[in-house]
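K.L.:
One structure is given below, represented as structure tokens, and several questions about it will come after.
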Amino acid sequence: MTSVELRTLFLDFMASKGHAILPSASLVPKEDPTVLFNTAGMQPLVPYLMGLADHPQGKKLANSQKCVRTDDIEEVGDNRHFTFFEMLGNWSVGDYFKEDSIAWSFEFLTSPKWLGLDPKRLYVTVHKGTSQVPADEESIEYWRAEFEKVGIVPDFGVEYDFKHPEANSSDAKYIYRITKKSGKDNWWGLPHRGPCGACTEIYYLMDEHSLDFQDTILPKLSIREVDDFIDNQIVEIWNNVFMEYEGEKDEHKEPRDIVPLKMKNVDTGMGFERILAFMNRKESAYETDVLSGLVEVIDKYAV
């Protein structure tokens with residue numbers, strides 16, 4: 001699958017669900033003066049997500065947004081992190097919410113008509129709640145319904161306990177209730193006060209690993225190696241944010257001083273280069289047609 005084919009497939013899918021397709025906005029944001037560059041597809045849409053204006057193209061929107069992001073710059077250079085990249089995204093501005101968002105994500109990823117990924121290799125996380133926000137029990141039920149449609153009876157788990165590995169189940173759990181995983185949390189918001197909400201993240205087990213990896217691989221690894229395996233071999237591919245609050249994060253990345261927005265929104269983001277690598281069974285996004293030409297030139301002239 002080429003990059004053009006993947007981008008077209010995503011936008012065609014979202015159009016089939018009634019989304020208006022937007023062009024990529026400028027890298028220099030007009031709507032958010034707090035950042036130098038657009039770091040996510042939702043940033044040009046902040047006024048609409050906040051309910052300050054109606055978007056001229058409606059309440060269901062999608063695009064492939066060019067982004068520049070430096071908050072994880074220390075990870076740039078591995079097989080999936082970049083400073084400049086594209087983000088495939090779809091938004092509901094006061095229209096659909098969790099049920100449709102989850103169903104459409106599962107359909108696009110697993111249906112043979114679209115990407116056709118193996119659903120047995122998908123794992124999802126949901127927000128388990130804080131003192132400010134209740135646990136996201138709705139998303140668990142919607143995910144369970146989607147897995148059951150393809151004959152998978154999903155079970156639930158908690159994040160891996162690296163201090164007590166013997167306490168971890170040997171069965172892979174398709175749905176995890178967590179607040180943090182390898183330093184990440186299931187709450188998304190801007191660096192400053194703005195639209196935010198609980199999110200459900202979708203992870204993909206790399207194809208070279210057996211589905212019974214928790215029995216065959218993890219017991220042979222040290223705690224550090226288990227952490228590396230989970231972080232690098234079960235890779236996040238899509239994040240669905242249920243943006244229903246205005247607020248900010250505290251020093252522990254937990255929601256603080258939140259109030260309900262005027263409407264419930266959905267903001268999703270899928271790393272374009274990352275999913276392209278998976279679709280072509282590549283170990284690194286640098287091997288895809290987006291970047292391989294540049295790598296060849298660098299390799300040719302590097303001393």
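Ordering of the structure tokens sets the chain letters (A, B, ...), residue numbers begin anew at 1 in every chain, and ligands are numbered from 1 in the order given.
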Determine, using only C-alpha atoms, which residues of range 218-279 of chain A have any atom at most 7 Å from an atom of range 34-57 of chain A, and tabulate each with its shortest atom pair and distance in Å to one decimal place, rows ordered by chain and then rising number, as a tab-separated table.
P.N.:
residue	atom	partner	partner_atom	distance
A:Leu261	CA	A:Met50	CA	6.6
A:Lys262	CA	A:Gly51	CA	6.1
A:Asn265	CA	A:Leu49	CA	6.7
A:Asp267	CA	A:Met42	CA	6.7
K.L.:
What lies within 12 Å of range 206-210 of chain A using only C-alpha atoms, ignoring chain neighbours under 6 positions off, as a PyMOL selection string?
P.N.:
chain A and resi 117-123+172+216-218+229-237+274-275+277-284
K.L.:
What is the CA of Trp187 in chain A-CA of Gly269 in chain A distance in Å, reported with one decimal?
P.N.:
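Going from CA of Trp187 in chain A over to CA of Gly269 in chain A, I get 13.7 Å.
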K.L.:
If we count only C-alpha atoms, what is near Ala62 in chain A at a cut-off of 10 Å, once residues fewer than 4 positions away on the same chain are taken out, given as a ChimeraX atom specification?
P.N.:
/A:10-15,18-24,41-42,88-92,267-268
K.L.:
So which residues of range 8-45 of chain A fall under helix (DSSP H, G or I) by DSSP, listed as a list in words?
P.N.:
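Matching residues for helix (DSSP H, G or I) in range 8-45 of chain A are Thr8, Leu9, Phe10, Leu11, Asp12, Phe13, Met14, Ala15, Ser16, Gln43, Pro44 and Leu45 of chain A.
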K.L.:
So that I have them on file, write out the residues from the current selection with N, CA and C atoms, as a PDB file, in the first residue's frame.
P.N.:
ATOM      1  N   THR A   8      -5.908   8.180   0.886  1.00  0.00           N
ATOM      2  CA  THR A   8      -7.183   8.188   0.160  1.00  0.00           C
ATOM      3  C   THR A   8      -8.184   7.243   0.804  1.00  0.00           C
ATOM      4  N   LEU A   9      -7.718   6.075   1.237  1.00  0.00           N
ATOM      5  CA  LEU A   9      -8.608   5.083   1.845  1.00  0.00           C
ATOM      6  C   LEU A   9      -9.231   5.632   3.121  1.00  0.00           C
ATOM      7  N   PHE A  10      -8.415   6.267   3.946  1.00  0.00           N
ATOM      8  CA  PHE A  10      -8.933   6.825   5.194  1.00  0.00           C
ATOM      9  C   PHE A  10      -9.976   7.911   4.927  1.00  0.00           C
ATOM     10  N   LEU A  11      -9.654   8.826   4.035  1.00  0.00           N
ATOM     11  CA  LEU A  11     -10.574   9.927   3.764  1.00  0.00           C
ATOM     12  C   LEU A  11     -11.850   9.426   3.081  1.00  0.00           C
ATOM     13  N   ASP A  12     -11.727   8.410   2.223  1.00  0.00           N
ATOM     14  CA  ASP A  12     -12.918   7.825   1.603  1.00  0.00           C
ATOM     15  C   ASP A  12     -13.802   7.163   2.655  1.00  0.00           C
ATOM     16  N   PHE A  13     -13.178   6.484   3.616  1.00  0.00           N
ATOM     17  CA  PHE A  13     -13.960   5.848   4.677  1.00  0.00           C
ATOM     18  C   PHE A  13     -14.720   6.894   5.477  1.00  0.00           C
ATOM     19  N   MET A  14     -14.032   7.946   5.869  1.00  0.00           N
ATOM     20  CA  MET A  14     -14.690   8.977   6.665  1.00  0.00           C
ATOM     21  C   MET A  14     -15.773   9.701   5.867  1.00  0.00           C
ATOM     22  N   ALA A  15     -15.544   9.898   4.587  1.00  0.00           N
ATOM     23  CA  ALA A  15     -16.582  10.503   3.743  1.00  0.00           C
ATOM     24  C   ALA A  15     -17.809   9.606   3.680  1.00  0.00           C
ATOM     25  N   SER A  16     -17.591   8.278   3.661  1.00  0.00           N
ATOM     26  CA  SER A  16     -18.722   7.341   3.607  1.00  0.00           C
ATOM     27  C   SER A  16     -19.552   7.385   4.884  1.00  0.00           C
ATOM     28  N   GLN A  43      -5.952  21.150  16.597  1.00  0.00           N
ATOM     29  CA  GLN A  43      -5.647  22.525  16.977  1.00  0.00           C
ATOM     30  C   GLN A  43      -6.325  23.578  16.098  1.00  0.00           C
ATOM     31  N   PRO A  44      -6.394  23.390  14.784  1.00  0.00           N
ATOM     32  CA  PRO A  44      -7.130  24.378  13.990  1.00  0.00           C
ATOM     33  C   PRO A  44      -8.629  24.401  14.288  1.00  0.00           C
ATOM     34  N   LEU A  45      -9.114  23.383  15.021  1.00  0.00           N
ATOM     35  CA  LEU A  45     -10.551  23.269  15.285  1.00  0.00           C
ATOM     36  C   LEU A  45     -10.931  23.687  16.709  1.00  0.00           C
TER      37      LEU A  45
END
K.L.:
With only C-alpha atoms as the atoms that count, which of A:Tyr176, A:Trp188, A:Tyr96, A:Phe84 lies nearest to Lys264 in chain A?
P.N.:
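Checking each candidate against Lys264 in chain A, we get A:Tyr96 as the closest.
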K.L.:
Find the residues around Glu244 in chain A up to 10 Å (only C-alpha atoms counted), leave out those fewer than 2 positions away in its own chain, and share them as a list in words.
P.N.:
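Surrounding residues, per the criterion: Leu49, Met50, Gly94, Phe97, Pro195, Cys196, Gly197, Ala198, Val241, Phe242, Glu246, Gly247, Ile258, Val259, Pro260, Leu261, Lys262, Met263, Lys264, Asn265 and Val266 of chain A.
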K.L.:
Limited to N, CA and C atoms, could you put the picked residues into a file as an mmCIF file, in the first residue's frame?
P.N.:
data_model
loop_
_atom_site.group_PDB
_atom_site.id
_atom_site.type_symbol
_atom_site.label_atom_id
_atom_site.label_comp_id
_atom_site.auth_asym_id
_atom_site.auth_seq_id
_atom_site.Cartn_x
_atom_site.Cartn_y
_atom_site.Cartn_z
ATOM 1 N N LEU A 49 -14.555 23.231 18.691
ATOM 2 C CA LEU A 49 -14.689 22.254 19.764
ATOM 3 C C LEU A 49 -15.094 22.915 21.078
ATOM 4 N N MET A 50 -14.705 24.162 21.253
ATOM 5 C CA MET A 50 -15.070 24.912 22.454
ATOM 6 C C MET A 50 -16.484 25.487 22.364
ATOM 7 N N GLY A 94 -19.986 18.074 18.403
ATOM 8 C CA GLY A 94 -21.340 18.022 18.923
ATOM 9 C C GLY A 94 -22.263 17.102 18.165
ATOM 10 N N PHE A 97 -20.710 10.381 19.268
ATOM 11 C CA PHE A 97 -19.835 10.315 20.439
ATOM 12 C C PHE A 97 -19.185 8.930 20.513
ATOM 13 N N PRO A 195 -9.937 22.433 25.531
ATOM 14 C CA PRO A 195 -10.776 21.231 25.434
ATOM 15 C C PRO A 195 -9.968 19.982 25.773
ATOM 16 N N CYS A 196 -10.591 19.052 26.501
ATOM 17 C CA CYS A 196 -9.882 17.858 26.946
ATOM 18 C C CYS A 196 -10.888 16.751 27.233
ATOM 19 N N GLY A 197 -10.375 15.566 27.509
ATOM 20 C CA GLY A 197 -11.267 14.464 27.831
ATOM 21 C C GLY A 197 -10.547 13.141 27.946
ATOM 22 N N ALA A 198 -11.273 12.163 28.451
ATOM 23 C CA ALA A 198 -10.752 10.802 28.517
ATOM 24 C C ALA A 198 -10.579 10.260 27.105
ATOM 25 N N VAL A 241 -10.223 10.533 21.409
ATOM 26 C CA VAL A 241 -10.416 11.396 22.573
ATOM 27 C C VAL A 241 -11.880 11.824 22.636
ATOM 28 N N PHE A 242 -12.483 11.603 23.789
ATOM 29 C CA PHE A 242 -13.877 12.002 23.992
ATOM 30 C C PHE A 242 -13.866 13.332 24.734
ATOM 31 N N GLU A 246 -13.615 21.240 29.508
ATOM 32 C CA GLU A 246 -12.582 22.264 29.400
ATOM 33 C C GLU A 246 -11.780 22.210 30.686
ATOM 34 N N GLY A 247 -10.458 22.192 30.567
ATOM 35 C CA GLY A 247 -9.637 22.107 31.762
ATOM 36 C C GLY A 247 -8.170 22.051 31.410
ATOM 37 N N ILE A 258 -11.715 21.050 35.859
ATOM 38 C CA ILE A 258 -12.473 20.810 34.637
ATOM 39 C C ILE A 258 -13.936 21.232 34.803
ATOM 40 N N VAL A 259 -14.500 21.682 33.690
ATOM 41 C CA VAL A 259 -15.924 22.001 33.612
ATOM 42 C C VAL A 259 -16.447 21.433 32.303
ATOM 43 N N PRO A 260 -17.718 21.069 32.228
ATOM 44 C CA PRO A 260 -18.244 20.506 30.984
ATOM 45 C C PRO A 260 -18.229 21.539 29.846
ATOM 46 N N LEU A 261 -17.905 21.056 28.645
ATOM 47 C CA LEU A 261 -18.050 21.883 27.461
ATOM 48 C C LEU A 261 -19.533 22.032 27.121
ATOM 49 N N LYS A 262 -19.830 22.919 26.188
ATOM 50 C CA LYS A 262 -21.202 23.111 25.755
ATOM 51 C C LYS A 262 -21.756 21.873 25.070
ATOM 52 N N MET A 263 -20.847 21.047 24.504
ATOM 53 C CA MET A 263 -21.280 19.860 23.772
ATOM 54 C C MET A 263 -20.197 18.799 23.870
ATOM 55 N N LYS A 264 -20.572 17.568 23.587
ATOM 56 C CA LYS A 264 -19.628 16.458 23.605
ATOM 57 C C LYS A 264 -19.036 16.278 22.211
ATOM 58 N N ASN A 265 -17.706 16.201 22.146
ATOM 59 C CA ASN A 265 -16.999 16.097 20.878
ATOM 60 C C ASN A 265 -16.154 14.834 20.822
ATOM 61 N N VAL A 266 -15.737 14.486 19.618
ATOM 62 C CA VAL A 266 -14.774 13.412 19.407
ATOM 63 C C VAL A 266 -13.602 13.978 18.620
#
K.L.:
Which one is closest to Ile140 in chain A: A:Val226, A:Phe82, A:Thr200, A:Trp238? Count only C-alpha atoms.
P.N.:
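Checking each candidate against Ile140 in chain A, we get A:Thr200 as the closest.
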K.L.:
Pull the strand (DSSP E) assignments for range 66-274 of chain A out of DSSP run on the backbone, and list those residues as number ranges by chain.
P.N.:
A: 66-68, 84-93, 122-127, 156-158, 175-178, 180-181, 184-185, 187-189, 194-205, 234-249, 255-271
K.L.:
Taking only C-alpha atoms into account, which of A:Ser3, A:Ser64, A:Asn239, A:Asn79 comes nearest Thr125 in chain A?
P.N.:
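Looking at the shortest contact to Thr125 in chain A, the residue is A:Asn239.
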K.L.:
My list of candidates is A:Ser105, A:Glu99, A:Leu276, A:Glu254. Which is closest to Glu137 in chain A when distances are computed with only C-alpha atoms?
P.N.:
A:Glu99
